[in-house]
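A short worksheet on the structure shown next.
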Amino acid sequence: MSIGETLAQERRQAGLSVTQVSLQTRIRETVIRGMEADDFSACGGNFYARGHIRSVARVIGIDPEPLVSEFDAAHGGAPQPVSATAAFEPERPIPFRERRSANWSAAMALALAVVVIAGVFQAVRHDGGGERHTARQVAGTPAPRPSKPSPTAPPKSTDPVAAAPRTTVEVAVVAKRTVWVNVRGDKGKALYSGVLRSGDQKKWTAKKKISMVIGIGGGVRLTVNGKDIGTPGKGKGVQRLSFDRDDPAAA
């Protein structure tokens with residue numbers, strides 16, 4: 001029998017399907033079926049074909065070496081070992097450029113130019129110093145004292161919203177997964193009832209109170225009256241929540 005026929009027959013005798021062999025070897029089912037038909041082109045080369053033969057043979061419980069030897073005989077023989085010298089020796093010699101000696105003449109000329117420029121700068125700076133000291137204070141004339149700034153009262157808050165009590169309750173929701181939500185406002189007024197999908201955003205406002213029923217705990221992220229209260233009921237079932245304008249965290 002050929003290699004493929006042997007693999008197929010031994011697999012069936014082992015009571016394994018192609019899918020089971022694929023799961024244990026992590027080789028695609030199409031590749032295994034091709035191997036059983038003596039078509040190794042999908043293996044990606046002789047090296048991988050030998051590895052696939054060994055993997056399949058071990059799973060179905062037979063010795064892989066006779067099959068690998070038969071494969072080598074049919075596909076040009078086993079690969080020849082490569083010596084360490086041949087493996088690490090480059091195919092072409094790498095040319096090395098000769099290091100040039102430093103150009104000391106140019107370096108000395110540059111250093112001399114820097115010294116000359118620094119000397120000229122110091123001389124000009126020294127000569128100009130007298131001009132800066134000519135404007136001196138007249139003797140006997142007291143220097144004017146800096147005037148103290150008049151104390152000013154702290155600015156009063158002009159934001160009427162900051163001091164005003166909240167007149168409504170506002171709930172914003174961002175869906176983290178597909179979840180059913182029911183929302184009711186004052187006196188049980190229906191504000192929303194339906195399914196939110198991941199990424200959907202909704203916002204509701206009522207005068208005094210908002211009640212919510214969330215189908216899956218951890219399915220949404222809530223912001224109540226501008227305060228992020230996170231994801232309620234993470235890992236739990238149905239969540240029933242209520243919020244009012246004075247205590248957004250009350251449940």
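Numbering starts fresh at 1 for the residues of each chain in the structure tokens, the chains themselves are lettered A, B, ... in the order given, and ligands are numbered from 1 as they appear.
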
Write out as a list in words each polymer residue whose atoms come within 6 Å of stretch 219-226 of chain A, counting only C-alpha atoms; drop sequence neighbours fewer than 2 positions from it. Glu170, Val171, Ala172, Val173, Val174, Ala175, Lys176, Arg177, Ile216, Gly217, Asp228, Ile229, Gly230, Thr231 and Pro248 of chain A

Skipping near chain neighbours, those fewer than 6 positions away, what residues fall within 12 Å of A:Pro66 using only C-alpha atoms, listed as an MDAnalysis selection string? chainID A and resid 2:3 6:7 50 53:54 57 72:73

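Nearest to A:Ala14 of all the residues A:Ala118, A:Val238, A:Ala111, A:Ile62 is A:Ile62, based on only C-alpha atoms.
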
Near A:Gly215, counting only C-alpha atoms, which residues have an atom at most 12 Å away, once you skip same-chain residues fewer than 3 positions from it, shown as a ChimeraX atom specification? /A:175,177-183,193-196,212,218-220,232-241

Determine, counting only C-alpha atoms, which protein, DNA and RNA residues have an atom within 8 Å of an atom of stretch 17-24 of chain A; residues of the same chain fewer than 2 positions away are not included. Present the result as a ChimeraX atom specification. /A:11-12,15,26-29,32-33,56,59-60
